[in-house]
Each structure stands twice: as C-alpha cells, then as structure tokens.
Amino acid sequence: MLHWSKVTPAQLDASSVWRQLPPVPPVPAAKIKDMFTVKPVVLRGAAAGDGKAPRNAAASAKVTFLELKRINQIGIAMAKFRLTNTQIHAAVLSLDERVFSDPNFISTIQRSLVPTEEERAKLQPYLDKELDAGALASTEELLLLMAGIPRLQQRLECLGTKLSLRARLRELGAHLDALDAAVRAARTSKALPVLLALVLQIGNLLNEGTAKGKAEAFKLEDLQKLGDVKSTSEPQTSLLTLVAQLAQSHSRDIGKQLHAELSAVAETRELKYEALLEKAAELRAEVHMITCELSTFEKASDADRFGDVLRPFHADASQQQAALDARLEATRQSLAALSTFLADKADSSAPEAVLLRLYAFETSFGKACRDNERQANLEKTKKKEIEAAEARRKSGGGNSPGLDPLGSSAKVRKQVPRRIVQAGGELMASIQGSLRRGDYQKLLAQRLAMRRHSMAEGAEERSQDDA
C-alpha cells in the first residue's frame with residue numbers, strides 16, 4: 001500500500017498538469033505487487049510446505065503509514081520514558097509529575113508525540129472505531145492514544161507551567177532582590193557623596209564666569225566625561241585622574257571604599273528591568289491560559305485528572321502572579337526614586353539606567369585610583385634610587401675600606417703601586433658619571449673590570465716577589 005493523499009477530480013483545476021498527463025507504457029503489475037505486498041509470516045512451529053497460512057498471520061502484518069524518519073523520532077522519545085504506550089498515555093491524562101519530573105520530557109512529548117494534522121486525519125477512522133486499532137504498528141498506536149486526549153497541546157503547556165512556575169518565580173524574585181539591594185547601597189554609600197561634592201566643586205571652578213557655573217548639582221552621566229577632559233599643561237592628565245588624586249589625598253583608600261559600598265550595584269550590571277517585565281508577562285499569559293482551559297475542561301475519562309491537579313495550582317499561581325506584579329512595580333518606583341535622589345535623568349523604559357551609570361563611574365574611578373597608586377610607587381622607588389646613588393657618590397663609591405668594589409672580604413695588599421690607585425680613581429670617576437646618567441649596566445661592567453684589574457696586578461706583584 002502507498003499511503004498518499006488522494007486528490008479528487010473536483011479538486012483539480014482545469015489547467016492542472018494532472019489533466020494533461022502524457023500516456024506512458026503499462027507497468028508490470030504482477031511484479032510490482034509481488035515486490036511491495038506484505039506477505040504472511042509463518043510462525044515458528046508451523047509445518048513447512050503445508051500451504052496453510054498461520055492463524056495469526058494478520059496480526060504480524062501491522063499497519064504503518066509513518067515515514068521512517070518520523071518512526072525513529074517517536075522511537076527515540078519512547079526510549080527516554082522507558083514506558084509502554086499505555087503508561088505514557090496514562091501519565092499525560094493524570095499529569096503524573098513523577099513521570100514528568102524532568103521538564104525536558106514535556107518538550108519531548110510536544111516535539112515528538114503530538115500528532116500532526118495530517119496524522120490525525122489518518123488516525124480518525126481508528127478514533128471513530130471504523131477500523132481496528134489493534135492492527136496499528138506500535139508507533140502509530142501511540143499516536144492514536146495521544147490523539148484521543150482532548151486539547152493535548154494546551155494540556156501539555158499547562159503542565160509545563162505547573163512544573164516550571166516555582167523556579168521561574170524564584171529567579172525573578174532573586175533579580176528583584178538584587179535591584180533593591182543595589183538601590184539601598186547607592187543611597188547609603190558614604191564615599192559617593194564625597195566624590196560628587198568634589199566633582200561639583202571642581203566643575204564650578206572650571207566653569208566660573210560662564211552660564212554653567214554656580215551649579216548645585218549635575219547629571220550622573222556627566223561623570224563619564226571626566227576621563228575625556230584633558231589638562232592643557234604637561235604632563236597631560238585627565239580630570240578624572242585629578243579627582244582621584246585629590247580624593248586619595250584626603251582618604252587614601254576611597255577607591256576601595258566606593259568599590260565595596262557599591263558592590264551590590266555591580267551585581268545588577270546585566271539586569272534589564274524590561275526583560276523582567278517580559279518574563280512576568282509570559283507567566284501571566286500562561287496562568288491566564290490555565291484559567292481558560294479550566295473553564296472549558298471536560299473530563300475525558302475517570303483517569304483524566306487535569307481539573308483535579310490544575311485547579312488548586314491555578315489558585316496559588318494567581319496569587320503568586322499578583323505578588324510578583326506588585327514587587328515589579330515597587331522596584332520600578334524604588335529605581336525612579338533613586339534617580340530623583342541623585343538628580344539623574346529618569347528613564348521610564350529603563351529605570352535601571354541609574355545603576356549602570358553608578359557602576360560605570362565606580363569602575364573608571366577605581367581604575368584611576370589604582371593608576372595613581374602605581375605612579376606614586378614608581379616615583380617613590382625612583383626617588384630612593386636617586387638618593388642611594390647620591391649617597392654613593394658622596395662616599396666615593398660607598399665601598400668600605402679594605403674591601404674590593406664588589407664587596408669581597410679579601411684584603412687588598414698594602415703595597416699597591418701608585419698607578420693602580422690612579423687607575424682605580426679613574427674607574428671610580430667613570431662609575432660616578434655613569435651613575436648620574438643612570439647607566440646601571442655599565443656600572444656593573446666597570447666594577448667587574450676593576451676587580452679583574454686588581455687581581456691581575458696582585459698576581460704580577462706576587463710573581464715579582466718570588467723572582
């Protein structure tokens with residue numbers, strides 16, 4: 001049998017190609033039927049060659065109309081459940097959460113075990129009892145059982161909502177908690193008002209005599225401009241660096257203090273209030289769908305527990321949804337109040353923008369503080385090196401009497417020819433000159449050369465004494 005979709009003559013257009021098909025040679029009918037007709041299967045134990053078909057040969061010839069790809073898809077889904085067709089059907093009817101403990105099982109059924117419209121049309125004669133359902137193959141039988149469940153797709157979506165609602169509410173609650181904590185952190189920060197006052201003072205000084213002078217406040221977004229304002233004198237530095245230097249001169253660890261106080265703000269840098277509203281709207285729509293399904297629900301059989309399971313859940317979900325909506329509104333108002341508190345530009349579509357501006361300033365200010373600390377350490381180290389070099393220059397090289405220039409404890413012979421002393425003085429003068437120029441590699445090389453020279457002169461003197 002070839003399971004195709006038969007088109008009646010009434011469905012054909014007058015200009016259809018099917019009305020103008022060319023004649024073709026007749027096909028070998030006997031050969032084709034022999035090739036594609038299902039043959040009866042002889043059971044084990046039947047007498048060979050007796051010419052009689054087995055009594056249950058019809059049972060072995062199961063009806064299948066699905067393509068191989070679709071059969072494999074259903075088979076993979078059935079393997080995940082490790083249940084019989086009847087058990088899968090009963091689990092969907094009863095909304096057995098033990099079977100659907102893994103939320104992926106819901107999507108597996110929706111993707112693989114819900115019959116398509118075309119498949120339902122082929123299964124309809126079996127649903128209407130016009131054909132024997134016992135003749136269907138296992139995959140077709142499972143689709144038949146699923147097709148018999150009223151509003152199957154909607155039922156599965158309602159079950160998916162029930163299984164996932166608690167985790168989704170918990171996630172949204174955690175995000176709202178984070179936003180509320182960030183607002184509290186911004187309001188209670190001690191370092192932030194100090195820095196705002198410092199920037200305000202500097203800004204009024206630079207804008208003195210202009211329309212922008214004598215300001216009492218400024219927008220938070222202006223804090224990001226501090227790094228772009230450069231000094232006109234050398235060495236060139238940014239206004240942000242100057243602010244950090246002045247702030248650190250009064251409180252050395254103010255950068256670390258601001259970072260610690262606004263750590264809760266940093267935790268919200270990826271959160272978008274609009275995205276939270278969208279997720280809440282999705283939940284609201286799903287809860288409303290359950291409301292609609294329950295209002296039209298009719299029990300398919302005694303085993304159908306859709307109403308028994310979903311009614312108490314729906315009542316609780318409706319309350320939680322209302323509480324979530326109230327929390328979202330409270331958080332929005334809290335963010336708007338923070339914008340007002342900081343004289344920032346309120347954004348109704350993105351009320352969390354005030355937190356993003358605070359995070360951006362905290363990040364750039366912290367970097368400026370760290371850069372200042374590194375620069376101060378470098379200058380301190382350089383100063384110590386210069387002082388040490390100056391001390392060595394004043395002490396004639398800084399070598400103790402009786403020691404060689406590299407600190408060796410070997411005693412220098414008392415009888416040193418005058419030319420050696422002169423050579424050593426010339427080398428020392430050269431070393432001091434190199435030190436003033438900062439040529440430390442050359443200093444080391446000259447010290448090594450002086451030591452070798454002294455050793456060579458000592459060896460020469462001993463050879464003369466021996467002679």
# chains A, B, ... in the order shown; residues from 1 in each chain; ligands from 1
>>> residues_around(residues="Gln224 in chain A", least_positions_apart="2", cutoff="9 Å", atoms="only C-alpha atoms", output="list of chain:residue names")
A:Leu220, A:Glu221, A:Asp222, A:Leu226, A:Gly227, A:Asp228, A:Leu240, A:Arg357, A:Ala360, A:Phe361, A:Ser364
>>> closest_residue(among="A:Ala244, A:Val287, A:Arg451, A:Glu130", to="Ala315 in chain A", atoms="only C-alpha atoms")
A:Val287
>>> select_by_dssp(residues="range 127-352 of chain A", states="alpha helix (DSSP H)", output="ChimeraX atom specification")
/A:127,138-147,152-188,191-206,239-250,254-261,263-266,273-295,306-341
>>> residues_around(residues="range 155-164 of chain A", least_positions_apart="5", cutoff="10 Å", atoms="only C-alpha atoms", output="mmCIF file with C-alpha atoms, in the first residue's frame")
data_model
loop_
_atom_site.group_PDB
_atom_site.id
_atom_site.type_symbol
_atom_site.label_atom_id
_atom_site.label_comp_id
_atom_site.auth_asym_id
_atom_site.auth_seq_id
_atom_site.Cartn_x
_atom_site.Cartn_y
_atom_site.Cartn_z
ATOM 1 C CA VAL A 92 -0.397 12.522 30.349
ATOM 2 C CA LEU A 93 -4.034 12.026 31.402
ATOM 3 C CA LEU A 95 -0.467 14.743 34.872
ATOM 4 C CA ASP A 96 1.809 12.414 36.809
ATOM 5 C CA GLU A 97 4.685 14.614 37.985
ATOM 6 C CA PHE A 100 7.486 14.464 34.113
ATOM 7 C CA SER A 101 9.965 15.369 36.857
ATOM 8 C CA ASP A 102 12.384 16.345 34.098
ATOM 9 C CA PRO A 103 10.943 19.453 32.335
ATOM 10 C CA ASN A 104 12.556 18.246 29.103
ATOM 11 C CA PHE A 105 10.052 15.421 28.973
ATOM 12 C CA ILE A 106 7.270 17.928 28.307
ATOM 13 C CA SER A 107 9.106 19.351 25.309
ATOM 14 C CA ILE A 109 6.205 14.960 24.015
ATOM 15 C CA GLN A 110 5.316 18.265 22.361
ATOM 16 C CA VAL A 114 1.773 15.091 19.456
ATOM 17 C CA ILE A 149 -6.608 13.143 24.626
ATOM 18 C CA PRO A 150 -8.656 16.353 24.212
ATOM 19 C CA LEU A 169 9.255 32.935 40.228
ATOM 20 C CA LEU A 283 3.986 33.902 33.262
ATOM 21 C CA GLU A 286 0.441 31.095 30.933
ATOM 22 C CA VAL A 287 -1.614 31.463 34.108
ATOM 23 C CA HIS A 288 -4.405 33.012 32.024
ATOM 24 C CA MET A 289 -4.257 30.054 29.643
ATOM 25 C CA ILE A 290 -4.788 27.701 32.591
ATOM 26 C CA THR A 291 -7.800 29.825 33.554
ATOM 27 C CA GLU A 293 -8.543 25.666 29.919
ATOM 28 C CA PHE A 306 -6.449 17.612 34.634
ATOM 29 C CA VAL A 309 -4.464 18.839 39.579
ATOM 30 C CA LEU A 310 -4.668 22.262 37.915
ATOM 31 C CA PHE A 313 -2.372 25.065 41.396
ATOM 32 C CA HIS A 314 -4.163 27.809 39.473
ATOM 33 C CA ALA A 317 -0.305 30.641 40.881
#
>>> closest_residue(among="A:Arg269, A:Lys212, A:Lys129, A:Lys190", to="Gln257 in chain A", atoms="only C-alpha atoms")
A:Lys190
>>> closest_residue(among="A:Ala260, A:Leu152, A:Leu172, A:Leu205", to="Gln320 in chain A", atoms="only C-alpha atoms")
A:Leu172
>>> residues_around(residues="Leu258 in chain A", least_positions_apart="2", cutoff="12 Å", atoms="only C-alpha atoms", output="ChimeraX atom specification")
/A:185-186,188-196,244,247-248,251-256,260-266,358-359,361-367,369
>>> write_last_selection(atoms="C-alpha atoms", output="PDB file, in the first residue's frame")
ATOM      1  CA  ALA A 185      23.739  50.524  48.506  1.00  0.00           C
ATOM      2  CA  ALA A 186      23.630  53.669  46.379  1.00  0.00           C
ATOM      3  CA  THR A 188      23.746  54.573  51.907  1.00  0.00           C
ATOM      4  CA  SER A 189      27.192  54.990  50.315  1.00  0.00           C
ATOM      5  CA  LYS A 190      29.499  57.319  52.262  1.00  0.00           C
ATOM      6  CA  ALA A 191      32.137  57.742  49.563  1.00  0.00           C
ATOM      7  CA  LEU A 192      29.747  58.651  46.746  1.00  0.00           C
ATOM      8  CA  PRO A 193      28.521  61.978  48.219  1.00  0.00           C
ATOM      9  CA  VAL A 194      32.125  62.990  48.923  1.00  0.00           C
ATOM     10  CA  LEU A 195      33.118  62.395  45.320  1.00  0.00           C
ATOM     11  CA  LEU A 196      30.031  64.143  43.959  1.00  0.00           C
ATOM     12  CA  ALA A 244      41.104  60.611  42.147  1.00  0.00           C
ATOM     13  CA  ALA A 247      40.147  62.313  46.838  1.00  0.00           C
ATOM     14  CA  GLN A 248      43.033  59.993  47.745  1.00  0.00           C
ATOM     15  CA  SER A 251      41.209  59.366  52.091  1.00  0.00           C
ATOM     16  CA  ARG A 252      43.851  57.045  50.657  1.00  0.00           C
ATOM     17  CA  ASP A 253      41.507  54.052  50.214  1.00  0.00           C
ATOM     18  CA  ILE A 254      38.463  55.917  48.919  1.00  0.00           C
ATOM     19  CA  GLY A 255      38.532  53.920  45.678  1.00  0.00           C
ATOM     20  CA  LYS A 256      38.374  50.643  47.564  1.00  0.00           C
ATOM     21  CA  ALA A 260      32.944  47.866  48.476  1.00  0.00           C
ATOM     22  CA  GLU A 261      29.947  50.120  49.072  1.00  0.00           C
ATOM     23  CA  LEU A 262      28.657  49.738  45.507  1.00  0.00           C
ATOM     24  CA  SER A 263      29.390  46.013  45.129  1.00  0.00           C
ATOM     25  CA  ALA A 264      25.633  45.358  45.067  1.00  0.00           C
ATOM     26  CA  VAL A 265      25.338  47.800  42.156  1.00  0.00           C
ATOM     27  CA  ALA A 266      27.932  45.815  40.202  1.00  0.00           C
ATOM     28  CA  LEU A 358      26.903  54.490  39.025  1.00  0.00           C
ATOM     29  CA  TYR A 359      28.644  51.234  38.081  1.00  0.00           C
ATOM     30  CA  PHE A 361      31.706  55.703  37.409  1.00  0.00           C
ATOM     31  CA  GLU A 362      32.792  53.312  40.158  1.00  0.00           C
ATOM     32  CA  THR A 363      34.734  51.247  37.610  1.00  0.00           C
ATOM     33  CA  SER A 364      36.517  54.214  35.977  1.00  0.00           C
ATOM     34  CA  PHE A 365      37.209  55.921  39.310  1.00  0.00           C
ATOM     35  CA  GLY A 366      38.641  52.718  40.775  1.00  0.00           C
ATOM     36  CA  LYS A 367      40.955  52.341  37.787  1.00  0.00           C
ATOM     37  CA  CYS A 369      42.893  55.334  41.839  1.00  0.00           C
TER      38      CYS A 369
END
>>> closest_residue(among="A:Thr232, A:Gln321, A:Thr86, A:Gln73", to="Ala280 in chain A", atoms="only C-alpha atoms")
A:Gln321
>>> closest_residue(among="A:Leu356, A:Ala300, A:Ala322, A:Cys292", to="Leu271 in chain A", atoms="only C-alpha atoms")
A:Leu356
>>> closest_atom_pairs(of="range 204-289 of chain A", to="range 327-344 of chain A", cutoff="12 Å", atoms="only C-alpha atoms", output="tab-separated table")
residue	atom	partner	partner_atom	distance
A:Glu216	CA	A:Ala343	CA	10.3
A:Ala217	CA	A:Ala343	CA	7.3
A:Phe218	CA	A:Ala343	CA	7.1
A:Lys219	CA	A:Asp344	CA	5.1
A:Leu220	CA	A:Asp344	CA	5.7
A:Glu221	CA	A:Asp344	CA	7.8
A:Asp222	CA	A:Asp344	CA	9.9
A:Leu223	CA	A:Asp344	CA	11.2
A:Val265	CA	A:Leu335	CA	11.9
A:Lys272	CA	A:Arg332	CA	11.4
A:Tyr273	CA	A:Arg332	CA	8.0
A:Glu274	CA	A:Arg332	CA	10.2
A:Ala275	CA	A:Leu328	CA	11.4
A:Leu276	CA	A:Leu328	CA	8.2
A:Leu277	CA	A:Leu328	CA	7.6
A:Glu278	CA	A:Leu328	CA	11.2
A:Lys279	CA	A:Leu328	CA	11.2
A:Ala280	CA	A:Leu328	CA	8.8
A:Ala281	CA	A:Leu328	CA	11.2
>>> write_last_selection(atoms="C-alpha atoms", output="compact mmCIF listing (two decimals), in the first residue's frame")
# COMPACT_ATOMS: atom_id res chain seq x y z
CA GLU A 216 24.20 72.97 42.66
CA ALA A 217 24.16 69.53 41.05
CA PHE A 218 24.84 67.74 37.78
CA LYS A 219 23.59 64.64 35.97
CA LEU A 220 25.25 61.32 36.73
CA GLU A 221 26.01 60.78 33.05
CA ASP A 222 28.38 63.77 33.29
CA LEU A 223 30.69 61.67 35.48
CA VAL A 265 25.34 47.80 42.16
CA LYS A 272 17.30 44.80 32.47
CA TYR A 273 14.03 45.80 34.09
CA GLU A 274 12.26 45.50 30.73
CA ALA A 275 13.40 41.87 30.45
CA LEU A 276 11.96 41.14 33.89
CA LEU A 277 8.65 42.64 32.77
CA GLU A 278 8.66 40.41 29.69
CA LYS A 279 9.25 37.28 31.76
CA ALA A 280 6.48 38.30 34.15
CA ALA A 281 4.15 38.87 31.17
>>> atom_distance(atom1="CA of Asn204 in chain A", atom2="CA of Thr241 in chain A")
17.5 Å
>>> residues_around(residues="range 87-89 of chain A", least_positions_apart="3", cutoff="8 Å", atoms="only C-alpha atoms", output="list in words")
Phe81, Leu83, Thr84, Val92, Leu93, Leu142, Leu145 and Met146 of chain A
>>> write_last_selection(atoms="C-alpha atoms", output="PDB file, in the first residue's frame")
ATOM      1  CA  PHE A  81      10.454   7.494  29.050  1.00  0.00           C
ATOM      2  CA  LEU A  83       7.331   3.239  29.468  1.00  0.00           C
ATOM      3  CA  THR A  84       4.775   1.407  27.387  1.00  0.00           C
ATOM      4  CA  VAL A  92      -0.397  12.522  30.349  1.00  0.00           C
ATOM      5  CA  LEU A  93      -4.034  12.026  31.402  1.00  0.00           C
ATOM      6  CA  LEU A 142       0.971   5.589  20.499  1.00  0.00           C
ATOM      7  CA  LEU A 145      -3.645   7.138  22.110  1.00  0.00           C
ATOM      8  CA  MET A 146      -2.267  10.688  22.231  1.00  0.00           C
TER       9      MET A 146
END
